[in-house]
$ cat data_16.txt   # compact mmCIF, C-alpha atoms and all ligand atoms
# COMPACT_ATOMS: atom_id res chain seq x y z
CA MET A 342 150.55 20.17 93.40
CA GLN A 343 147.36 18.73 91.96
CA SER A 344 144.94 17.51 94.65
CA TYR A 345 143.56 13.99 94.55
CA GLN A 346 140.11 15.42 93.94
CA ASP A 347 141.38 17.38 90.92
CA LEU A 348 143.24 14.34 89.63
CA TYR A 349 140.14 12.19 90.06
CA ASN A 350 138.15 14.62 87.94
CA SER A 351 140.86 15.18 85.33
CA ARG A 352 140.70 14.16 81.68
CA GLN A 353 144.35 13.04 81.99
CA TRP A 354 143.36 10.37 84.54
CA GLN A 355 140.34 9.27 82.54
CA GLU A 356 142.59 8.62 79.54
CA VAL A 357 145.22 6.51 81.31
CA ASN A 358 142.85 4.75 83.69
CA LYS A 359 142.85 1.00 82.92
CA CYS A 360 140.70 0.05 85.91
CA PHE A 361 138.72 -3.10 85.12
CA ALA A 362 135.63 -1.59 86.72
CA CYS A 363 135.70 2.10 85.73
CA GLY A 364 138.39 2.52 83.03
CA LYS A 365 136.91 3.92 79.85
CA ASN A 366 139.87 2.56 77.86
CA ASN A 367 139.88 -0.99 79.18
CA PRO A 368 138.58 -3.13 76.30
CA ILE A 369 137.42 -5.95 78.58
CA GLY A 370 136.33 -3.74 81.50
CA LEU A 371 132.88 -2.96 82.86
CA LYS A 372 133.27 0.76 82.00
CA LEU A 373 131.19 1.86 84.97
CA ALA A 374 130.18 5.51 85.16
CA ILE A 375 130.23 6.45 88.84
CA LYS A 376 127.91 9.26 89.85
CA HIS A 377 127.93 11.43 92.94
CA LYS A 378 124.94 12.72 94.85
CA GLU A 379 125.00 14.34 98.28
CA ASP A 380 126.45 11.75 100.68
CA ILE A 381 126.39 8.78 98.28
CA CYS A 382 128.15 7.47 95.17
CA TYR A 383 126.28 5.18 92.82
CA THR A 384 126.39 3.45 89.47
CA THR A 385 124.02 1.48 87.30
CA PHE A 386 124.82 -1.72 85.43
CA THR A 387 122.90 -4.24 83.37
CA PRO A 388 124.55 -7.68 83.42
CA LYS A 389 124.95 -9.43 80.08
CA PRO A 390 125.27 -13.19 79.52
CA GLU A 391 129.08 -12.86 79.66
CA HIS A 392 128.73 -11.61 83.25
CA SER A 393 127.11 -14.88 84.39
CA GLY A 394 128.15 -17.37 87.00
CA TRP A 395 125.23 -19.75 87.21
CA LEU A 396 123.14 -19.79 84.05
CA ASN A 397 121.15 -16.53 83.80
CA VAL A 398 122.49 -15.27 87.15
CA MET A 399 125.09 -12.51 87.49
CA HIS A 400 128.45 -13.67 88.89
CA GLY A 401 128.80 -12.79 92.59
CA GLY A 402 132.44 -11.82 92.19
CA LEU A 403 131.46 -9.14 89.71
CA LEU A 404 128.82 -7.83 92.11
CA SER A 405 131.54 -7.59 94.77
CA THR A 406 133.85 -5.86 92.31
CA ILE A 407 131.25 -3.21 91.58
CA MET A 408 130.45 -2.63 95.26
CA ASP A 409 134.19 -2.36 96.05
CA GLU A 410 134.63 0.09 93.20
CA VAL A 411 131.79 2.40 94.16
CA MET A 412 132.93 2.47 97.81
CA ALA A 413 136.48 3.31 96.65
CA HIS A 414 135.17 6.13 94.46
CA TRP A 415 133.27 7.60 97.40
CA LEU A 416 136.64 8.17 99.07
CA TRP A 417 138.76 9.08 96.03
CA SER A 418 136.20 11.59 94.77
CA ARG A 419 136.36 13.35 98.14
CA GLY A 420 140.14 13.67 97.98
CA MET A 421 140.93 10.58 100.08
CA PRO A 422 143.05 8.05 98.16
CA ALA A 423 142.42 4.69 99.81
CA MET A 424 142.73 0.95 99.24
CA THR A 425 140.39 -1.83 100.28
CA VAL A 426 141.83 -3.99 103.07
CA GLU A 427 138.76 -5.95 104.13
CA MET A 428 135.29 -6.57 102.69
CA THR A 429 132.30 -8.67 103.81
CA VAL A 430 129.58 -9.43 101.29
CA ARG A 431 126.05 -10.75 101.74
CA TYR A 432 124.39 -12.06 98.59
CA VAL A 433 120.68 -11.72 99.37
CA LYS A 434 119.00 -12.78 96.11
CA PRO A 435 120.28 -13.87 92.69
CA VAL A 436 120.62 -11.05 90.14
CA PRO A 437 119.03 -12.08 86.83
CA ILE A 438 120.97 -11.44 83.63
CA GLY A 439 119.41 -8.49 81.79
CA GLU A 440 117.99 -6.84 84.94
CA PRO A 441 119.40 -3.36 85.62
CA ILE A 442 120.96 -2.89 89.05
CA VAL A 443 121.84 0.19 91.09
CA VAL A 444 124.93 0.00 93.30
CA THR A 445 125.18 2.61 96.04
CA ALA A 446 127.98 3.35 98.51
CA ARG A 447 128.17 5.50 101.60
CA LEU A 448 130.54 6.22 104.47
CA GLN A 449 129.67 4.48 107.74
CA ALA A 450 132.47 5.87 109.90
CA ASP A 451 135.71 7.74 109.36
CA ARG A 452 138.18 6.49 111.97
CA GLY A 453 141.42 8.27 111.16
CA ARG A 454 143.38 6.17 108.71
CA ILE A 455 140.59 3.57 108.39
CA ALA A 456 137.31 4.40 106.63
CA HIS A 457 134.37 2.06 107.20
CA MET A 458 132.20 1.92 104.09
CA ALA A 459 128.89 0.28 103.17
CA ALA A 460 127.41 -0.64 99.80
CA GLU A 461 124.19 -2.15 98.53
CA VAL A 462 122.83 -3.45 95.26
CA THR A 463 119.17 -3.04 94.37
CA LEU A 464 116.98 -3.93 91.42
CA ALA A 465 114.97 -1.24 89.65
CA ASP A 466 112.01 -1.85 92.00
CA GLY A 467 114.19 -1.25 95.05
CA THR A 468 114.61 -4.90 96.07
CA GLN A 469 117.97 -5.34 97.81
CA VAL A 470 119.94 -8.19 96.20
CA ALA A 471 123.35 -7.75 97.85
CA ARG A 472 125.14 -5.64 100.41
CA ALA A 473 128.64 -5.22 101.76
CA THR A 474 130.71 -3.52 104.38
CA ALA A 475 134.39 -2.77 103.92
CA LYS A 476 137.40 -1.17 105.53
CA PHE A 477 139.65 1.06 103.47
CA ILE A 478 143.08 2.32 104.49
CA LYS A 479 143.81 5.84 103.36
CA THR A 480 147.12 5.63 101.55
CA GLU A 481 149.01 7.47 98.87
CA ARG A 482 150.28 4.10 97.67
CA GLY A 483 147.12 3.45 95.71
CA LEU A 484 147.88 6.43 93.52
CA GLN A 485 151.51 5.41 93.06
CA ILE A 486 150.37 1.96 91.94
CA ALA A 487 147.61 3.43 89.77
CA ALA A 488 150.24 5.58 88.06
CA GLY A 489 152.34 2.49 87.26
CA GLY A 490 154.66 2.57 90.28
CA SER A 491 155.90 -0.35 92.37
CA THR A 492 153.44 -2.38 94.44
CA SER A 493 156.13 -3.01 97.06
CA SER A 494 155.05 -2.18 100.60
CA ALA A 495 158.69 -1.38 101.38
CA GLU A 496 158.18 2.11 99.98
CA THR A 497 157.96 4.88 102.51
CA GLU A 498 154.43 5.88 103.34
CA PRO A 499 154.03 9.66 103.62
CA GLN A 500 153.01 10.82 107.07
CA GLU A 501 149.26 11.51 107.22
C1 LIG B 1 142.67 9.17 90.53
C2 LIG B 1 141.46 8.43 90.79
C3 LIG B 1 141.63 6.95 91.13
C4 LIG B 1 140.28 6.24 91.44
C5 LIG B 1 140.60 4.78 91.47
C6 LIG B 1 139.66 3.95 92.25
C7 LIG B 1 140.18 2.53 92.18
C8 LIG B 1 139.40 1.66 93.06
C9 LIG B 1 139.87 0.25 93.05
C10 LIG B 1 138.95 -0.59 93.90
C11 LIG B 1 139.52 -0.77 95.28
C12 LIG B 1 140.55 -1.86 95.29
O1 LIG B 1 140.39 -2.89 94.71
S1 LIG B 1 141.98 -1.56 96.12
C13 LIG B 1 143.03 -2.94 95.68
C14 LIG B 1 142.91 -4.10 96.66
N1 LIG B 1 143.58 -3.77 97.88
C15 LIG B 1 144.91 -3.87 97.97
O2 LIG B 1 145.65 -4.24 97.05
C16 LIG B 1 145.51 -3.47 99.29
C17 LIG B 1 146.68 -4.36 99.64
N2 LIG B 1 147.21 -3.92 100.95
C18 LIG B 1 148.24 -3.03 101.01
O3 LIG B 1 148.88 -2.66 100.02
C19 LIG B 1 148.60 -2.54 102.37
O4 LIG B 1 147.93 -3.33 103.34
C20 LIG B 1 148.22 -1.05 102.57
C21 LIG B 1 149.08 -0.15 101.66
C22 LIG B 1 146.72 -0.78 102.25
C23 LIG B 1 148.45 -0.67 104.01
O5 LIG B 1 149.76 -1.04 104.35
P1 LIG B 1 150.55 -0.21 105.45
O6 LIG B 1 150.65 1.22 105.06
O7 LIG B 1 151.83 -0.99 105.67
O8 LIG B 1 149.60 -0.30 106.66
P2 LIG B 1 149.60 -1.30 107.93
O9 LIG B 1 150.76 -0.89 108.79
O10 LIG B 1 149.50 -2.72 107.50
O11 LIG B 1 148.21 -0.90 108.58
C24 LIG B 1 147.98 0.45 108.94
C25 LIG B 1 147.06 0.44 110.14
O12 LIG B 1 145.80 -0.09 109.74
C26 LIG B 1 145.48 -1.22 110.57
N3 LIG B 1 144.77 -2.21 109.75
C27 LIG B 1 145.23 -2.87 108.69
N4 LIG B 1 144.30 -3.68 108.18
C28 LIG B 1 143.21 -3.54 108.96
C29 LIG B 1 141.92 -4.12 108.99
N5 LIG B 1 141.54 -4.99 108.07
N6 LIG B 1 141.06 -3.71 109.95
C30 LIG B 1 141.42 -2.82 110.89
N7 LIG B 1 142.64 -2.24 110.91
C31 LIG B 1 143.52 -2.60 109.97
C32 LIG B 1 146.80 -1.73 111.04
O13 LIG B 1 146.67 -2.45 112.27
C33 LIG B 1 147.57 -0.45 111.27
O14 LIG B 1 147.17 0.16 112.46
P3 LIG B 1 148.21 0.97 113.38
O15 LIG B 1 149.29 0.01 113.71
O16 LIG B 1 148.69 2.14 112.53
O17 LIG B 1 147.38 1.41 114.56

$ encode --input "data_16.txt" --output "C-alpha cells"
Amino acid sequence: MQSYQDLYNSRQWQEVNKCFACGKNNPIGLKLAIKHKEDICYTTFTPKPEHSGWLNVMHGGLLSTIMDEVMAHWLWSRGMPAMTVEMTVRYVKPVPIGEPIVVTARLQADRGRIAHMAAEVTLADGTQVARATAKFIKTERGLQIAAGGSTSSAETEPQE
C-alpha cells in the first residue's frame, strides 16, 4: 500500500488536489507551493488587492489559512495524516498588500495522537507579523475526506 509520504509527493495527488490553499488546480485558490527544509516547512506569498480585509491590509483569515496549511503540510509530508482541531492566532502587525511574506511551521511537541505545531509569518526583512499555535489530531479520516469520502465521524477510525 502506498504510504502517506509517497501519496503526498505523488503527481496523482497533485492533479486531484482541490485544496483552497495548495491545490494547483483550484481556480480560485492561493496555489501555495510548500517547501521543506530540515525541521521546518515554509511557503512564500505576496498578497494582492483581492486578498484584502481592511484597505491595503491582507485579510487575517487568509493569514490563518496559510499558517494552518503549512503546519498541516509539516505533518502530512512526514507521513502523518492529521487534521487541525484547535488553533490560536496572534496578529502582531498589519500585512501590507504587495509585501511578500514567508510563512514557516515547525513541530513543538509530538504527544501521541496530538501534535502541537507552531507557525509564524514574517516580512522579507524578518519582522514577525503573525504567529500561531495549533493542535492537530493524527487521523486517517483526513485522507478519506480528501479523496472524496464521507465527512461523517461515525466511520470507524483505524487503530493507531
Ligand atoms: C496527500 C496529501 C494531503 C495534504 C493535505 C493537507 C491539507 C491541509 C488542510 C489544512 C488543515 C485543515 O484545515 S484540517 C480541516 C479542519 N479540521 C477539521 O475539519 C477537523 C474536524 N474534526 C474532526 O473531524 C474530528 O474531531 C477528528 C476526526 C479530527 C477527531 O475525531 P475523533 O477521531 O472522534 O477523535 P476524538 O475522540 O474527538 O478525540 C481524540 C482524542 O483527542 C483529544 N482531543 C480532541 N480535541 C482536542 C483538543 N483540541 N485538545 C486536546 N485534545 C483533544 C480527545 O480528548 C481524545 O482524547 P482521548 O479520549 O483519546 O484521550

$ residues_around --input "data_16.txt" --residues "Asn358 (chain A)" --least-positions-apart "5" --cutoff "8 Å" --atoms "all atoms listed in the file" --output "PyMOL selection string"
chain A and resi 363-367+487

$ closest_residue --input "data_16.txt" --among "A:Lys389, A:Lys372, A:His457, A:Lys476" --to "ligand LIG 1 (chain B)" --atoms "only C-alpha atoms and all ligand atoms"
A:Lys476

$ residues_around --input "data_16.txt" --residues "Met421 (chain A)" --least-positions-apart "4" --cutoff "12 Å" --atoms "all atoms listed in the file" --output "list in words"
Ser344, Tyr345, Gln346, Asp347, Leu348, Tyr349, Met412, Ala413, His414, Trp415, Leu416, Trp417, Asp451, Gly453, Arg454, Ile455, Ala456, Phe477, Ile478, Lys479, Thr480, Glu481, Arg482, Gly483, Leu484 and Glu501 of chain A

$ residues_around --input "data_16.txt" --residues "Arg472 (chain A)" --least-positions-apart "4" --cutoff "10 Å" --atoms "all atoms listed in the file" --output "list in words"
Leu404, Ser405, Met408, Thr429, Val430, Arg431, Tyr432, Val433, Val444, Thr445, Ala446, Ala459, Ala460, Glu461, Val462 and Thr463 of chain A

$ atom_distance --input "data_16.txt" --atom1 "CA of Ala362 (chain A)" --atom2 "CA of Thr406 (chain A)"
7.3 Å

$ closest_residue --input "data_16.txt" --among "A:Lys376, A:Lys434, A:Arg452, A:His392" --to "Glu410 (chain A)" --atoms "all atoms listed in the file"
A:Lys376

$ atom_distance --input "data_16.txt" --atom1 "CA of Gln355 (chain A)" --atom2 "atom S1 of ligand LIG 1 (chain B)"
17.4 Å

$ residues_around --input "data_16.txt" --residues "Met458 (chain A)" --least-positions-apart "2" --cutoff "6 Å" --atoms "all atoms listed in the file" --output "compact mmCIF listing (two decimals) with C-alpha atoms, in the frame of the given file"
# COMPACT_ATOMS: atom_id res chain seq x y z
CA ARG A 447 128.17 5.50 101.60
CA LEU A 448 130.54 6.22 104.47
CA GLN A 449 129.67 4.48 107.74
CA THR A 474 130.71 -3.52 104.38
CA ALA A 475 134.39 -2.77 103.92

$ atom_distance --input "data_16.txt" --atom1 "atom C10 of ligand LIG 1 (chain B)" --atom2 "CA of Ala450 (chain A)"
18.4 Å
